[in-house]
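J.: Input file: upload10.txt. Contents: compact mmCIF, C-alpha atoms.
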```txt
# COMPACT_ATOMS: atom_id res chain seq x y z
CA MET E 1 28.51 20.13 -8.46
CA ARG E 2 29.66 16.65 -9.47
CA THR E 3 32.17 16.57 -6.58
CA ASP E 4 29.46 17.43 -4.05
CA LEU E 5 27.12 14.82 -5.47
CA SER E 6 29.86 12.18 -5.52
CA GLY E 7 30.81 12.94 -1.93
CA ARG E 8 27.17 12.61 -0.89
CA PHE E 9 26.96 9.20 -2.56
CA ARG E 10 30.20 8.02 -0.95
CA ARG E 11 29.05 8.96 2.56
CA ILE E 12 25.57 7.54 2.27
CA LEU E 13 26.21 4.37 0.27
CA GLN E 14 28.51 2.80 2.88
CA PRO E 15 27.05 -0.55 4.06
CA GLU E 16 27.94 0.19 7.68
CA SER E 17 25.65 3.23 7.71
CA GLY E 18 23.25 1.53 10.09
CA ILE E 19 20.37 -0.74 9.16
CA ARG E 20 19.80 -1.34 12.87
CA THR E 21 19.55 2.39 13.52
CA THR E 22 17.07 2.73 10.66
CA LEU E 23 14.89 -0.02 12.11
CA ALA E 24 14.87 1.75 15.48
CA ASN E 25 12.73 4.48 13.88
CA THR E 26 9.08 3.76 14.76
CA ASP E 27 7.68 5.74 11.86
CA TYR E 28 9.87 3.88 9.40
CA ARG E 29 8.89 0.48 10.83
CA LEU E 30 5.23 1.35 10.31
CA LEU E 31 5.88 2.44 6.74
CA LEU E 32 8.01 -0.66 6.11
CA GLY E 33 5.28 -2.97 7.41
CA SER E 34 2.63 -1.21 5.33
CA SER E 35 4.78 -1.25 2.20
CA THR E 36 5.60 -4.94 2.56
CA LEU E 37 1.91 -5.84 2.72
CA TRP E 38 1.21 -3.40 -0.12
CA TRP E 39 3.81 -5.11 -2.31
CA LEU E 40 2.50 -8.55 -1.30
CA ALA E 41 -0.96 -7.56 -2.52
CA HIS E 42 0.50 -5.97 -5.66
CA TYR E 43 2.39 -9.06 -6.78
CA MET E 44 -0.49 -11.32 -5.89
CA GLU E 45 -2.80 -9.07 -7.91
CA MET E 46 -0.54 -9.20 -10.98
CA ILE E 47 -0.93 -12.98 -11.12
CA VAL E 48 -4.62 -13.15 -10.19
CA LEU E 49 -5.79 -10.38 -12.50
CA GLY E 50 -4.06 -11.87 -15.53
CA TRP E 51 -5.40 -15.34 -14.71
CA LEU E 52 -8.94 -13.99 -14.24
CA VAL E 53 -8.88 -12.19 -17.60
CA LEU E 54 -7.50 -15.30 -19.29
CA GLU E 55 -10.29 -17.41 -17.74
CA ILE E 56 -13.01 -14.99 -18.83
CA THR E 57 -11.77 -14.25 -22.36
CA ASP E 58 -9.08 -16.84 -23.28
CA SER E 59 -7.25 -13.97 -25.01
CA ALA E 60 -3.62 -12.92 -24.49
CA GLY E 61 -4.54 -9.63 -26.19
CA LEU E 62 -7.13 -8.83 -23.53
CA VAL E 63 -4.65 -9.78 -20.81
CA GLY E 64 -2.44 -7.11 -22.35
CA LEU E 65 -5.32 -4.64 -22.54
CA VAL E 66 -6.13 -4.95 -18.83
CA GLY E 67 -2.41 -4.68 -18.06
CA PHE E 68 -2.36 -1.52 -20.17
CA CYS E 69 -5.26 -0.06 -18.19
CA ARG E 70 -3.56 -0.99 -14.92
CA SER E 71 -0.43 0.99 -15.73
CA ILE E 72 -1.42 3.81 -18.11
CA PRO E 73 -2.31 6.12 -15.17
CA SER E 74 1.39 6.28 -14.29
CA LEU E 75 1.94 8.18 -17.52
CA LEU E 76 -1.21 10.28 -17.28
CA VAL E 77 -1.16 11.29 -13.60
CA GLY E 78 2.24 10.16 -12.28
CA GLY E 79 3.81 13.55 -12.85
CA PHE E 80 1.19 15.19 -10.66
CA GLY E 81 1.91 12.95 -7.68
CA GLY E 82 4.85 14.95 -6.40
CA LEU E 83 3.00 18.22 -6.95
CA LEU E 84 -0.07 16.96 -5.11
CA ALA E 85 2.06 15.60 -2.27
CA ASP E 86 3.68 19.03 -1.88
CA ARG E 87 0.25 20.62 -1.57
CA ILE E 88 -1.54 18.21 0.77
CA GLY E 89 1.39 16.35 2.34
CA ARG E 90 3.00 13.02 1.54
CA ARG E 91 1.31 11.03 4.33
CA PRO E 92 -2.26 12.07 3.51
CA LEU E 93 -1.71 11.24 -0.16
CA VAL E 94 -0.34 7.77 0.63
CA ILE E 95 -3.29 7.07 2.96
CA ALA E 96 -5.83 8.22 0.37
CA SER E 97 -4.21 6.06 -2.32
CA GLN E 98 -4.16 2.99 -0.09
CA THR E 99 -7.83 3.54 0.82
CA LEU E 100 -8.76 3.61 -2.86
CA THR E 101 -6.81 0.39 -3.47
CA PHE E 102 -8.68 -1.38 -0.65
CA PHE E 103 -12.06 -0.37 -2.05
CA MET E 104 -11.16 -1.62 -5.55
CA TYR E 105 -10.15 -5.06 -4.28
CA ALA E 106 -13.32 -5.24 -2.20
CA THR E 107 -15.41 -4.24 -5.23
CA VAL E 108 -14.04 -7.11 -7.33
CA ALA E 109 -14.73 -9.53 -4.49
CA VAL E 110 -18.36 -8.36 -4.23
CA LEU E 111 -18.90 -8.57 -8.01
CA LEU E 112 -17.46 -12.09 -8.06
CA ALA E 113 -19.61 -13.14 -5.10
CA VAL E 114 -22.84 -12.02 -6.78
CA GLY E 115 -21.82 -13.34 -10.20
CA LEU E 116 -21.94 -10.00 -12.03
CA LEU E 117 -18.26 -9.49 -12.90
CA ALA E 118 -17.65 -8.58 -16.56
CA ILE E 119 -14.52 -7.67 -18.49
CA TRP E 120 -15.49 -3.97 -18.56
CA HIS E 121 -15.55 -4.00 -14.74
CA LEU E 122 -11.95 -5.22 -14.76
CA VAL E 123 -10.95 -2.50 -17.21
CA VAL E 124 -12.43 0.25 -15.00
CA ILE E 125 -11.02 -1.23 -11.80
CA ALA E 126 -7.59 -1.67 -13.40
CA LEU E 127 -7.60 2.01 -14.37
CA THR E 128 -8.54 3.02 -10.82
CA LEU E 129 -5.91 0.77 -9.24
CA GLY E 130 -3.39 2.28 -11.64
CA CYS E 131 -4.28 5.82 -10.53
CA ALA E 132 -3.88 4.82 -6.88
CA TRP E 133 -0.51 3.20 -7.58
CA ALA E 134 0.74 6.20 -9.59
CA MET E 135 0.11 8.42 -6.57
CA ASP E 136 1.21 5.90 -3.95
CA TRP E 137 4.56 4.50 -5.08
CA PRO E 138 6.55 7.71 -5.71
CA THR E 139 5.09 9.31 -2.60
CA ARG E 140 6.09 6.36 -0.39
CA ARG E 141 9.63 6.57 -1.73
CA ALA E 142 9.81 10.35 -1.32
CA LEU E 143 8.54 9.97 2.26
CA ILE E 144 11.49 7.77 3.31
CA PRO E 145 14.09 10.56 3.70
CA ASP E 146 11.54 12.51 5.76
CA LEU E 147 11.35 9.64 8.24
CA VAL E 148 14.94 8.40 8.44
CA GLY E 149 17.06 11.33 7.16
CA ARG E 150 19.27 11.40 4.08
CA PRO E 151 22.21 9.49 5.69
CA ARG E 152 19.94 6.42 6.08
CA VAL E 153 18.23 6.49 2.67
CA VAL E 154 20.01 3.51 1.10
CA ASP E 155 19.73 1.43 4.28
CA ALA E 156 16.00 2.20 4.35
CA LEU E 157 15.65 1.30 0.67
CA MET E 158 17.59 -1.94 1.24
CA LEU E 159 15.11 -2.89 3.96
CA GLU E 160 12.13 -1.89 1.84
CA ASN E 161 13.45 -3.90 -1.07
CA LEU E 162 13.96 -6.88 1.24
CA GLY E 163 10.28 -6.64 2.17
CA MET E 164 9.38 -6.18 -1.49
CA SER E 165 11.47 -9.18 -2.49
CA ILE E 166 9.85 -11.40 0.12
CA ALA E 167 6.47 -10.14 -1.10
CA ARG E 168 7.48 -10.81 -4.69
CA ALA E 169 8.31 -14.40 -3.76
CA LEU E 170 5.29 -15.03 -1.55
CA GLY E 171 2.71 -13.02 -3.54
CA PRO E 172 2.62 -15.17 -6.69
CA LEU E 173 2.95 -18.38 -4.66
CA LEU E 174 0.11 -17.32 -2.38
CA ALA E 175 -1.93 -16.36 -5.44
CA GLY E 176 -1.40 -19.78 -7.01
CA LEU E 177 -2.28 -21.67 -3.83
CA VAL E 178 -5.38 -19.59 -3.08
CA LEU E 179 -6.48 -19.80 -6.72
CA ASP E 180 -6.16 -23.57 -6.59
CA ALA E 181 -8.03 -23.89 -3.28
CA PHE E 182 -10.58 -21.05 -3.30
CA ASP E 183 -10.68 -19.71 -6.86
CA VAL E 184 -10.44 -15.99 -7.71
CA LEU E 185 -12.98 -14.92 -5.09
CA GLY E 186 -10.72 -16.18 -2.32
CA CYS E 187 -7.83 -14.31 -3.89
CA PHE E 188 -9.62 -10.96 -3.92
CA LEU E 189 -10.85 -11.47 -0.36
CA THR E 190 -7.22 -12.06 0.60
CA LEU E 191 -6.16 -8.95 -1.30
CA SER E 192 -8.81 -6.92 0.52
CA GLY E 193 -7.54 -8.15 3.88
CA LEU E 194 -3.89 -7.40 3.11
CA SER E 195 -4.81 -3.94 1.86
CA ALA E 196 -6.87 -3.20 4.96
CA ILE E 197 -4.00 -4.09 7.31
CA SER E 198 -1.60 -1.99 5.25
CA LEU E 199 -4.00 0.94 5.57
CA LEU E 200 -4.24 0.54 9.35
CA LEU E 201 -0.44 0.74 9.64
CA LEU E 202 -0.45 3.94 7.60
CA ARG E 203 -3.17 5.38 9.82
CA ALA E 204 -0.90 4.78 12.81
CA LEU E 205 1.91 6.57 10.97
CA SER E 206 -0.35 9.55 10.34
CA ARG E 207 -0.29 10.40 14.07
CA GLN E 208 3.48 10.86 14.06
CA PRO E 209 4.88 14.36 13.34
CA ILE E 210 7.40 14.53 10.49
CA PRO E 211 9.27 17.51 9.04
CA ARG E 212 8.28 19.20 5.78
CA THR E 213 10.98 19.65 3.17
CA SER E 214 8.83 21.48 0.66
CA SER E 215 6.18 24.16 0.66
CA PRO E 216 3.13 24.71 -1.53
CA THR E 217 3.74 26.98 -4.51
CA SER E 218 1.45 29.36 -6.35
CA ALA E 219 2.76 28.24 -9.75
CA SER E 220 0.32 26.42 -12.02
CA PRO E 221 0.60 22.62 -12.30
CA LEU E 222 1.71 22.87 -15.94
CA ALA E 223 4.42 25.36 -15.02
CA GLN E 224 5.61 23.06 -12.25
CA ILE E 225 5.71 20.11 -14.65
CA ARG E 226 7.77 22.12 -17.14
CA ASP E 227 10.12 23.03 -14.32
CA SER E 228 10.38 19.36 -13.29
CA VAL E 229 11.22 18.30 -16.85
CA LEU E 230 13.94 20.95 -17.07
CA TYR E 231 15.37 19.84 -13.72
CA VAL E 232 15.54 16.19 -14.81
CA ARG E 233 17.15 17.10 -18.15
CA GLN E 234 19.86 19.09 -16.37
CA ASN E 235 20.75 16.24 -13.99
CA GLN E 236 22.38 13.54 -16.11
CA SER E 237 22.14 10.82 -13.46
CA ILE E 238 18.41 11.30 -12.93
CA LEU E 239 17.86 11.61 -16.70
CA ALA E 240 19.66 8.31 -17.36
CA VAL E 241 17.69 6.49 -14.67
CA THR E 242 14.45 7.94 -16.03
CA LEU E 243 15.21 6.84 -19.61
CA ILE E 244 16.25 3.32 -18.56
CA THR E 245 13.16 3.03 -16.38
CA MET E 246 11.03 3.96 -19.39
CA ILE E 247 12.78 1.41 -21.62
CA MET E 248 12.44 -1.41 -19.10
CA ASN E 249 8.81 -0.71 -18.35
CA MET E 250 7.89 -0.56 -22.02
CA LEU E 251 9.91 -3.51 -23.32
CA ALA E 252 11.01 -5.81 -20.49
CA PHE E 253 8.65 -5.66 -17.51
CA PRO E 254 5.42 -6.53 -19.41
CA TYR E 255 6.49 -10.18 -19.23
CA MET E 256 5.03 -10.39 -15.71
CA ASN E 257 1.50 -9.86 -17.00
CA PHE E 258 2.04 -12.71 -19.47
CA LEU E 259 3.34 -15.28 -17.00
CA PRO E 260 -0.12 -16.93 -17.01
CA VAL E 261 0.26 -17.39 -20.78
CA PHE E 262 3.76 -18.89 -20.42
CA ALA E 263 2.62 -21.12 -17.56
CA ARG E 264 -0.47 -22.49 -19.29
CA ASP E 265 0.45 -22.51 -22.98
CA VAL E 266 4.24 -23.03 -22.98
CA LEU E 267 5.03 -24.92 -19.77
CA ASN E 268 1.69 -26.76 -19.35
CA GLN E 269 1.24 -25.58 -15.76
CA GLY E 270 -1.83 -24.72 -13.71
CA PRO E 271 -2.25 -22.08 -10.97
CA VAL E 272 0.27 -23.69 -8.59
CA GLY E 273 2.97 -23.88 -11.26
CA LEU E 274 2.22 -20.28 -12.17
CA GLY E 275 2.68 -19.34 -8.52
CA TYR E 276 6.07 -21.05 -8.40
CA LEU E 277 7.20 -19.20 -11.52
CA GLY E 278 6.25 -15.85 -10.02
CA ALA E 279 7.85 -16.77 -6.69
CA SER E 280 11.21 -17.51 -8.35
CA VAL E 281 11.54 -13.84 -9.31
CA GLY E 282 11.01 -12.81 -5.69
CA ILE E 283 13.53 -15.36 -4.43
CA GLY E 284 15.99 -13.96 -6.93
CA ASN E 285 15.27 -10.49 -5.55
CA VAL E 286 16.34 -11.65 -2.08
CA PHE E 287 19.65 -12.99 -3.44
CA GLY E 288 20.01 -9.75 -5.37
CA LEU E 289 19.80 -7.72 -2.18
CA PHE E 290 22.83 -9.50 -0.77
CA LEU E 291 24.63 -8.98 -4.07
CA VAL E 292 23.88 -5.25 -4.00
CA ASN E 293 24.99 -4.95 -0.37
CA TRP E 294 28.31 -6.61 -1.30
CA ALA E 295 28.83 -4.82 -4.62
CA ARG E 296 28.27 -1.30 -3.27
CA ARG E 297 31.50 -1.68 -1.28
CA PHE E 298 33.50 -1.87 -4.48
CA THR E 299 31.70 -0.10 -7.30
CA SER E 300 29.40 2.81 -8.06
CA PRO E 301 25.61 2.69 -7.83
CA GLY E 302 25.47 3.46 -11.53
CA TRP E 303 27.42 0.36 -12.50
CA ILE E 304 25.27 -1.81 -10.22
CA PHE E 305 22.16 -0.32 -11.82
CA ILE E 306 23.40 -0.94 -15.37
CA ALA E 307 24.73 -4.45 -14.74
CA GLY E 308 21.58 -5.55 -12.94
CA THR E 309 19.36 -4.18 -15.68
CA LEU E 310 21.29 -6.01 -18.40
CA LEU E 311 21.27 -9.24 -16.37
CA HIS E 312 17.49 -8.93 -16.10
CA CYS E 313 17.22 -8.57 -19.89
CA MET E 314 19.54 -11.41 -20.85
CA ALA E 315 18.04 -13.89 -18.38
CA LEU E 316 14.52 -13.00 -19.52
CA LEU E 317 15.51 -13.35 -23.18
CA THR E 318 16.78 -16.87 -22.45
CA PHE E 319 13.59 -17.64 -20.49
CA THR E 320 11.50 -17.01 -23.60
CA THR E 321 13.33 -19.85 -25.39
CA SER E 322 12.74 -22.45 -22.65
CA SER E 323 9.98 -25.06 -22.58
CA VAL E 324 11.30 -26.89 -19.51
CA PHE E 325 9.74 -25.81 -16.22
CA ALA E 326 12.88 -26.23 -14.05
CA VAL E 327 15.04 -24.28 -16.52
CA SER E 328 12.42 -21.53 -16.78
CA TRP E 329 12.21 -21.30 -12.98
CA ALA E 330 16.01 -20.93 -12.68
CA LEU E 331 16.12 -18.25 -15.37
CA LEU E 332 13.41 -16.25 -13.62
CA LEU E 333 15.56 -16.49 -10.49
CA LEU E 334 18.31 -14.64 -12.41
CA VAL E 335 15.70 -12.15 -13.64
CA GLY E 336 14.90 -11.43 -9.99
CA ILE E 337 18.56 -10.89 -9.09
CA GLY E 338 18.89 -8.35 -11.89
CA HIS E 339 15.65 -6.66 -10.91
CA ALA E 340 16.90 -6.17 -7.33
CA CYS E 341 19.94 -4.29 -8.62
CA PHE E 342 17.69 -2.21 -10.85
CA GLY E 343 15.07 -1.43 -8.21
CA ILE E 344 17.34 -0.50 -5.30
CA MET E 345 19.69 1.70 -7.28
CA GLN E 346 16.91 3.28 -9.33
CA SER E 347 15.39 4.97 -6.28
CA SER E 348 18.73 5.43 -4.49
CA ILE E 349 20.33 7.37 -7.33
CA VAL E 350 17.26 9.57 -7.83
CA LEU E 351 16.58 10.31 -4.15
CA LEU E 352 20.19 11.11 -3.38
CA ALA E 353 20.87 13.12 -6.54
CA ALA E 354 17.77 15.29 -6.08
CA ALA E 355 17.65 18.25 -3.72
CA ASP E 356 15.30 17.81 -0.75
CA GLU E 357 12.68 20.14 -2.17
CA ARG E 358 12.87 18.33 -5.54
CA ARG E 359 12.42 14.76 -4.28
CA GLY E 360 8.72 14.59 -5.05
CA GLN E 361 9.24 15.95 -8.55
CA ALA E 362 12.15 13.60 -9.27
CA MET E 363 10.19 10.54 -8.13
CA GLY E 364 7.23 11.84 -10.13
CA ALA E 365 9.45 11.72 -13.21
CA ILE E 366 10.19 8.07 -12.47
CA ALA E 367 6.46 7.42 -12.09
CA VAL E 368 5.89 8.97 -15.53
CA ALA E 369 8.67 6.77 -16.95
CA ILE E 370 6.93 3.76 -15.46
CA GLY E 371 3.91 4.99 -17.41
CA ALA E 372 5.60 3.68 -20.57
CA GLY E 373 4.66 0.22 -19.29
CA PRO E 374 1.06 0.22 -20.53
CA PHE E 375 2.12 0.68 -24.13
CA GLY E 376 4.48 -2.23 -23.67
CA ARG E 377 1.73 -4.42 -22.27
CA LEU E 378 -0.64 -3.46 -25.05
CA GLN E 379 1.86 -4.03 -27.84
CA THR E 380 3.06 -7.27 -26.25
CA GLY E 381 -0.53 -8.51 -26.11
CA VAL E 382 -1.05 -7.72 -29.80
CA LEU E 383 2.24 -9.37 -30.78
CA ALA E 384 1.53 -12.37 -28.54
CA ASP E 385 -1.82 -12.92 -30.24
CA ALA E 386 -0.14 -12.74 -33.65
CA PHE E 387 3.18 -14.54 -33.08
CA GLY E 388 2.97 -16.16 -29.64
CA ALA E 389 4.10 -14.89 -26.23
CA PRO E 390 7.69 -16.27 -26.39
CA LEU E 391 8.54 -14.48 -29.64
CA ALA E 392 6.80 -11.26 -28.61
CA VAL E 393 8.49 -11.00 -25.20
CA GLY E 394 11.86 -12.18 -26.54
CA ALA E 395 12.02 -9.61 -29.33
CA GLU E 396 11.08 -6.77 -27.02
CA VAL E 397 13.53 -7.66 -24.27
CA ALA E 398 16.38 -7.98 -26.79
CA LEU E 399 15.61 -4.45 -27.97
CA ALA E 400 15.50 -3.29 -24.34
CA ALA E 401 19.02 -4.59 -23.70
CA LEU E 402 20.38 -2.69 -26.72
CA LEU E 403 18.69 0.57 -25.69
CA VAL E 404 19.85 0.32 -22.06
CA ALA E 405 23.43 -0.15 -23.23
CA ALA E 406 23.06 2.87 -25.53
CA VAL E 407 21.80 5.11 -22.70
CA ALA E 408 24.60 3.97 -20.39
CA ALA E 409 27.16 4.78 -23.08
CA THR E 410 25.61 8.15 -23.98
CA LEU E 411 25.16 9.51 -20.43
CA PRO E 412 28.48 8.70 -18.68
CA GLU E 413 27.70 10.48 -15.38
CA LEU E 414 25.46 7.54 -14.49
CA ARG E 415 28.54 5.28 -14.56
CA GLN E 416 30.90 7.77 -12.94
CA VAL E 417 28.70 9.21 -10.23
CA ASP E 418 30.72 7.69 -7.38
CA SER E 419 34.11 6.87 -8.89
CA SER E 420 35.83 10.18 -8.13
CA SER E 421 34.66 10.20 -4.51
CA GLU E 422 36.00 6.70 -3.93
CA LYS E 423 39.44 7.87 -5.05
CA ALA E 424 39.16 10.92 -2.86
CA GLY E 425 38.27 8.79 0.10
CA GLN E 426 41.37 6.65 -0.43
CA ALA E 427 43.74 9.61 -0.74
```
For this file, produce the structure as structure tokens.

T.:
Amino acid sequence: MRTDLSGRFRRILQPESGIRTTLANTDYRLLLGSSTLWWLAHYMEMIVLGWLVLEITDSAGLVGLVGFCRSIPSLLVGGFGGLLADRIGRRPLVIASQTLTFFMYATVAVLLAVGLLAIWHLVVIALTLGCAWAMDWPTRRALIPDLVGRPRVVDALMLENLGMSIARALGPLLAGLVLDAFDVLGCFLTLSGLSAISLLLLRALSRQPIPRTSSPTSASPLAQIRDSVLYVRQNQSILAVTLITMIMNMLAFPYMNFLPVFARDVLNQGPVGLGYLGASVGIGNVFGLFLVNWARRFTSPGWIFIAGTLLHCMALLTFTTSSVFAVSWALLLLVGIGHACFGIMQSSIVLLAAADERRGQAMGAIAVAIGAGPFGRLQTGVLADAFGAPLAVGAEVALAALLVAAVAATLPELRQVDSSSEKAGQA
């Protein structure tokens, strides 16, 4: 089993496998365009929502609470995404999720325009956006092999992560500039527009026939979830990625929701400075893509995943000790490089290790692991109110680094998944 899996990784993870061929696929180009705009809106929203809550309440704890509400649906409903996609189809589920996202952005814009927005509105809307995201993200990823075929999965993910990295750089910067010029109403009007265009691209995709790799089952949802858990536990590579994803989302990734606190209270910056801080992570993501493309020629996807994750943690830990804007910006650049290694190899390892009919379930497990994030945001908000954001984020990310190293040491197949096939290929 390990030999077959290693051989599959060796064949597919070659850089010369054809980015140009992947881009020639019309369906994939539509999905790529939609996903890039979707990510642009997502990263813009992360900045704007936190800033809006901070303006209304002046409380880091409530920033954490809204962040909690935004991501708790991943834990509550993420595991059902793959099951629902198998029943109604991956494309219809992505379109429905994107439609819901558009209506939530438009709702905030209307409430702001009429002067009726309250914190409880943001809590409800954050929960709804979280439900849409929990259905959308794993389904988009599971849809990629349907469109491009398994031999092009990593090339397709490299392209998607390039779009995501550009969005991660431009989203916060755009949020800061629009906030400065047009306030939060302009931001949510912009989010509504981006979401609408993304939806139109998906609607065009919905006219294209794609193959099914799974069929509806008569088993109950709970039985299917139990089966998914057993499948993940038996596949050490997927289990390791799932555990590390859970650790990072609970202890390391909540920092993004607290960038407004760092910008205003630690670095004495306004919306534009906040935008530049968020953009540095996206710029680092772009550099990270080139690093991944180079590194996958020489080492296994597991090692890239582990090294990138630890780089993310150590750079973020150092960031929490900085009070100089230029130094903080450069450290967030390193955070972005590490995050690119994490993000690309996270999905690559899972999608390639899972059987075709199990892709939705495997990505659903990752969505559930991402659901650990809300508890991290909530606890970080409480700790930030009590001890300050730098100490709260720093302590959590240090613990994350230790736990990631422990998982990597305990589950060795994550590190070895491609090593034997490389030797075989050289023989």

J.: Identify, on the basis of all atoms listed in the file, every residue whose closest approach to Gly288 of chain E does not exceed 8 Å; exclude the query and any residue fewer than 5 positions from it along the same chain; express the result as a list in words.

T.: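 The neighbour list is Gly336, Ile337, Gly338, His339, Ala340 and Cys341 of chain E.
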
J.: What does the structure give for the distance between atom CA of Arg152 of chain E and atom CA of Thr22 of chain E, in Å to one decimal?

T.: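 The value is 6.5 Å.
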
J.: To one decimal in Å, tell me the separation between atom CA of Arg141 of chain E and atom CA of Ala365 of chain E.

T.: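 If I compute the distance from atom CA of Arg141 of chain E to atom CA of Ala365 of chain E, I get 12.6 Å.
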
J.: Using Å and a single decimal, report how far atom CA of Ser328 of chain E sits from atom CA of Leu277 of chain E.

T.: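 The value is 7.8 Å.
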
J.: Could you give me, as a PyMOL selection string, the residues within 10 Å of Phe287 of chain E, counting only C-alpha atoms and dropping anything in the same chain fewer than 2 positions from it?

T.: chain E and resi 162+165+282-285+289-292+333-334+336-338+340

J.: Check the smallest atom-to-atom distance from each of E:Ala204, E:Val108, E:Ile47, E:Leu383 to Pro92 of chain E using all atoms listed in the file, then report the winner.

T.: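 Result for the nearest residue to Pro92 of chain E: E:Ala204.
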